[in-house]
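Colleague: One structure coming up, written as structure tokens, with questions to follow.
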Amino acid sequence: MRAAILTDVTKCIGCEECVMACKKTNHQTADVPRRWDAGDGLTSRNWTSIVSGPAQSHVRKQCRHCLEPACVSACPVGAMHKTGIGAVVYDAAKCMGCRYCMMACPYGIPRYEWDAAVPYVRKCILCYERISYGQQPACTEICPTKATIFGDRDALLAEAHRRIAEKPDLYWNKVWGETEAHGSSVLYISNVDLSLLTDGHAIPSDPLPEKTAVAMGAVPYTFCGVLAVMGTVNWVIGRRIKLQKENSDGQSPKT
Amino acid sequence: MDRVRKLKLVLWLGVGLALSVAVARFLFGLGATTNLGDANAWGLWVGFDVMGGVALAAGGFIVTAVVYIFKLERFHAIVRPAVLTAFLGYAAVAFSLLFDLGLPWNIWHMMVYWNPHSALFEVGWCVMLYLTVLTLEFFPVPAEEFPRLSKVRAVLVRFRLPLVLAGIGLSTLHQSSLGSLFLIMPYRLHPLWYSPILPVMFLVSAIVLGMMMVTFESHLTAFLYRRKPETEVLASFAGAARWVLLLYLAVRFGDLAVRHQAHRLIEAGFHTYLFWFEICVMALVPLVLLSIPRVRRCTAGQWTVAAMGVFGVVFNRIDTGGLAHLRPAGGFYVPSWTEVSISLGIVSAAALLFLFAMERFHVWEERPADPAADPLHAPEFDKVGTTWLGVPAVASRTVYSLAVILAAALGFGFLTAQRAQSRGLEPVAVHRARGGEVLWIDGNLDGFGVAFKHAEHVKREGDKASCVLCHHMNLPHDENSACASCHRDMYQAVDGFRHDWHASPAGGNIACYQCHTRGQVRTASNAVRCDHCHKDLVPAKAVIQVKTYHTVSYVDAMHRTCIGCHTKKAAEKKKPEMVQCAWCHKESREILDARDIDLRRRGASAGSPVLPPVGQ
């Protein structure tokens, strides 16, 4: 099973029960506005939030748990990790605080504990412990209108397409998270454009780690190539100088 | 005071200021000392200290390549300063990383936990390896001064060629990998900067910068120590720099054309102006100037072009590292003075080490003398304090120490407690209730709130004496009490059973044993339940079951008990609006229209916009 969450924006009433349940489950304390907040309600203590969209809609923002996560490929020490079940989790013991994951995430999800002298990266972990006990994440469990539901990714995709086919006038004909950046475990269907979650960008389907992979793949060849070229140049020039010297010393050079 | 000592004084001031800020950085964390935030996680320390620092160190591999690989012996005079700069540059990068990393004591994790897919992993390893190579490359220079190290020196000199080769290979990788860092963020970096060939651009511009930096240094030390600069050698360097600049421009503009982004060059906007400023300072103007042979060959021309080029390429790194990022959500990032002072402090420390090495070791062909160490120099009085400062060497040390202490004290003075310990809390302004008396309170800005009748509260609680019941400045982060501090039953579970009232003769007048078992310690667990007396408390078909003496809050009582039934009934009666908030919260629905919500969102909430009385 590949764990996934489907959020139906049309059903969300913005009650923020999911936010509170998330806080309770992950033992997060109350939050107050801080200078470094990004303004979307996500903070190091709020791992999910409700963003107000157009037409009085409420859109839940959380980690997408991408199938090809940019943060996992970016982390130089492998502190970000995609588990077998689908959750992207964070190993605080490995982290060294470079914040490259925050820069790499196309959705701008990871948050930092800016106020702490020993800060860690914080983000939704899809309640992977609860999932491994056979429970569902706290947010989907509590949702009073079943606007956000938990299940197998393929089943949820089918459900999403079924709902869209049922009410084509209501929904945009698109499942957000199906293909974007090679797809994600958190899916959305909506009656409003959800590019508001990505600052208005539409995210193409090619996986982000591949963009770096091209450059990283060239590393050994570049290194060996540079060494070979420079070594050869050095040898050729050295030999020329030697021959020239021999020549000027009066000995006949070998042709 | 001559030029060198003036410069050193300024540099020591920078070091002292950075020392005080460094203390605050490690005591209070990144939030207290930087303007970084969740929307801009990287700032000046990455853009300037790390990326700029590495680029500034590019002179090392270029000059060693020219001299040891291409065997152009006439450039030999500038090898040692170039390697020294590279060494100090990389040391500064490694050092400044300790400030930028959230958990700098974990920096060694890079060696143990590998993730070869990460561009930053490559960057980290290149820093470590190349810093080692540079140490070995430069070590023979100080070793000259110590006869006991002659054997080590001989071994290192014998292995010079492999070291130089390794240095060139690692530098090529490293300069380009700083570009690779940004390949994964196409949605963050502006299209005028983002390109799949960023690594190539970074490498080419690093070569430009390396040449400029060597030139700049030569002229700067020549000016400081009244030494003759290597103008003729550097002129041929400048000649070569022309072609690299041309190549860079071709790659940069060619790439824009291939990616169909050329139209952005003529758009009006911050990023376009930034791009043109950067490209002019970095490449266009230097290229034009270098194309004029007279400029190329004269000291002033070289000096100008080098200064421009160095500034331009470092500016390019700062742009790529943060300034040219798209961030509609988090606003604009301007580094705080603490960030700037750490950066300047690290540069100052590196420059001081450079000057020290130059005076102490055989870095330039002719070693410039430290003017302060001249034994024939007359002893000094401090003109201001008329204090005896002693011989110049001692006098300098006194003045520099004073500079460090003063600057550090100044830094500590500016690092106010509020800045260092505010933990980023946004201050909230206090306003009088203006105009009307009904305030709309919507704490979480979700569009739903309550109409707070101020006048009624004042009347009920006793006129002016009642202000302090709610308005007091001693609560942390809060200028007044939350509603829930009085209206406890709104959000907090309350003790529904009033024991005092039941036991009091004026109230229930019930003896203890009527509820608690006789002869036992009287606790809630051995008392009878409420329905023992209140037979009608729980009707037969009641939804609410009495289990404890605590009742849930008003909000929970309404929501938890109502919503379930509403959901059921909505399905039965096919009236989906029955589960919507506005079905019950009718008051909110009437008051709110889109304009009101918008007004509140734009920060008017702090000023408590006054609404017409409810019902109009």
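Labels for the structure tokens follow display order: chains A, B, ..., residues from 1 in each chain, ligands from 1.
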Just need the residues of chain A within 6 Å of chain B, counting only C-alpha atoms, so spit them out as number ranges by chain.
Modeller: A: 34-38, 73-74, 76-78, 96-98, 104, 111, 114-117, 119, 208, 211-212, 223, 226, 234
Colleague: Residues near Leu126 in chain A, anyone? I mean within 10 Å using only C-alpha atoms, not counting same-chain ones fewer than 6 positions away, as a PyMOL selection string.
Modeller: chain A and resi 3-5+22+47+62-65+85-89+136-139+185-186
Colleague: Using only C-alpha atoms, can you tell me which of A:Leu227, A:Cys75, A:Ala202, A:Leu6 comes closest to Asp154 in chain A?
Modeller: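 Result for the nearest residue to Asp154 in chain A: A:Leu6.
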Colleague: One decimal, Å: what's the distance from CA of Glu339 in chain B over to CA of Trp45 in chain B, could you say?
Modeller: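 These two atoms are separated by 7.1 Å.
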Colleague: For Thr517 in chain B, work out the shell of residues within 12 Å, counting only C-alpha atoms and skipping chain neighbours fewer than 6 positions away, then give it as a PyMOL selection string.
Modeller: chain B and resi 511+523-528
Colleague: Interatomic distance between CA of Ala409 in chain B and CA of Val340 in chain B?
Modeller: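 Computing it gives 17.1 Å between the two atoms.
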Colleague: From a backbone DSSP assignment, name each residue in range 70-247 of chain A labelled strand (DSSP E or B), as a VMD selection string.
Modeller: chain A and resid 80 to 82 88 to 90 111 to 112 121 to 122 148 to 152 176 184 186 to 189
Colleague: Residues near Ala160 in chain A, anyone? I mean within 9 Å using only C-alpha atoms, not counting same-chain ones fewer than 4 positions away, as a ChimeraX atom specification.
Modeller: /A:6,8,155-156,164-165,175,187-189
Colleague: Rounded to one decimal place, report the CA of Ser291 in chain B-CA of Phe237 in chain B distance in Å.
Modeller: 12.6 Å
Colleague: With only C-alpha atoms as the counted atoms, please give the residues lying no more than 10 Å from Leu344 in chain B, apart from itself and same-chain residues fewer than 2 positions off, as a list in words.
Modeller: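 What passes the distance filter is Leu11, Gly14, Val15, Leu17, Ala18, Phe48, Asp49, Thr338, Glu339, Val340, Ser341, Ile342, Ile346, Val347, Ser348, Ala349 and Ala350 of chain B.
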Colleague: Could those selected residues go to a file with N, CA and C atoms, as a short mmCIF file (atom, residue, chain, number, x, y, z; two decimals), in the first residue's frame?
Modeller:
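Below is the file that was written, again.cif:
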data_model
loop_
_atom_site.label_atom_id
_atom_site.label_comp_id
_atom_site.auth_asym_id
_atom_site.auth_seq_id
_atom_site.Cartn_x
_atom_site.Cartn_y
_atom_site.Cartn_z
N LEU B 11 40.12 46.89 10.16
CA LEU B 11 39.85 45.45 10.13
C LEU B 11 39.64 44.90 11.55
N GLY B 14 36.26 45.60 12.71
CA GLY B 14 35.30 44.64 12.15
C GLY B 14 35.31 43.34 12.91
N VAL B 15 36.51 42.85 13.25
CA VAL B 15 36.63 41.59 13.97
C VAL B 15 35.95 41.71 15.34
N LEU B 17 33.52 43.73 16.32
CA LEU B 17 32.07 43.79 16.20
C LEU B 17 31.50 42.39 15.96
N ALA B 18 32.19 41.64 15.06
CA ALA B 18 31.70 40.30 14.74
C ALA B 18 31.78 39.39 15.96
N PHE B 48 26.91 35.58 0.17
CA PHE B 48 28.19 36.28 0.17
C PHE B 48 29.31 35.43 0.78
N ASP B 49 29.12 34.97 2.01
CA ASP B 49 30.21 34.29 2.71
C ASP B 49 30.61 32.99 2.02
N THR B 338 23.38 42.54 12.00
CA THR B 338 24.17 41.49 12.63
C THR B 338 24.72 40.53 11.58
N GLU B 339 23.90 40.22 10.57
CA GLU B 339 24.39 39.36 9.49
C GLU B 339 25.54 40.03 8.75
N VAL B 340 25.35 41.33 8.46
CA VAL B 340 26.39 42.04 7.72
C VAL B 340 27.68 42.09 8.54
N SER B 341 27.55 42.29 9.86
CA SER B 341 28.77 42.44 10.63
C SER B 341 29.50 41.11 10.78
N ILE B 342 28.78 40.00 10.80
CA ILE B 342 29.48 38.70 10.82
C ILE B 342 30.25 38.52 9.51
N ILE B 346 34.35 38.27 9.22
CA ILE B 346 35.10 37.13 8.68
C ILE B 346 36.05 37.60 7.58
N VAL B 347 35.55 38.52 6.73
CA VAL B 347 36.43 39.06 5.69
C VAL B 347 37.61 39.80 6.34
N SER B 348 37.33 40.57 7.40
CA SER B 348 38.39 41.31 8.09
C SER B 348 39.44 40.36 8.65
N ALA B 349 38.96 39.28 9.28
CA ALA B 349 39.89 38.33 9.87
C ALA B 349 40.77 37.72 8.79
N ALA B 350 40.15 37.36 7.65
CA ALA B 350 40.92 36.77 6.55
C ALA B 350 41.94 37.78 6.03
#
Colleague: Out of A:Cys18, A:Gly238, A:Cys71, A:Arg153, which residue has the shortest atom-to-atom distance to Pro106 in chain A when counting only C-alpha atoms?
Modeller: A:Cys71
Colleague: Per DSSP on the backbone, what are the helix (DSSP H, G or I) residues of range 71-211 of chain A, as a ChimeraX atom specification?
Modeller: /A:71-74,100-104,128-132,138-142,153-166,180-182,194-198,209-211
Colleague: Find the spatial neighbours of range 190-196 of chain A, counting only C-alpha atoms, within a cut-off of 7 Å - ignore same-chain residues fewer than 6 positions away - and output them as a ChimeraX atom specification.
Modeller: /A:8-10,54,170-172,202
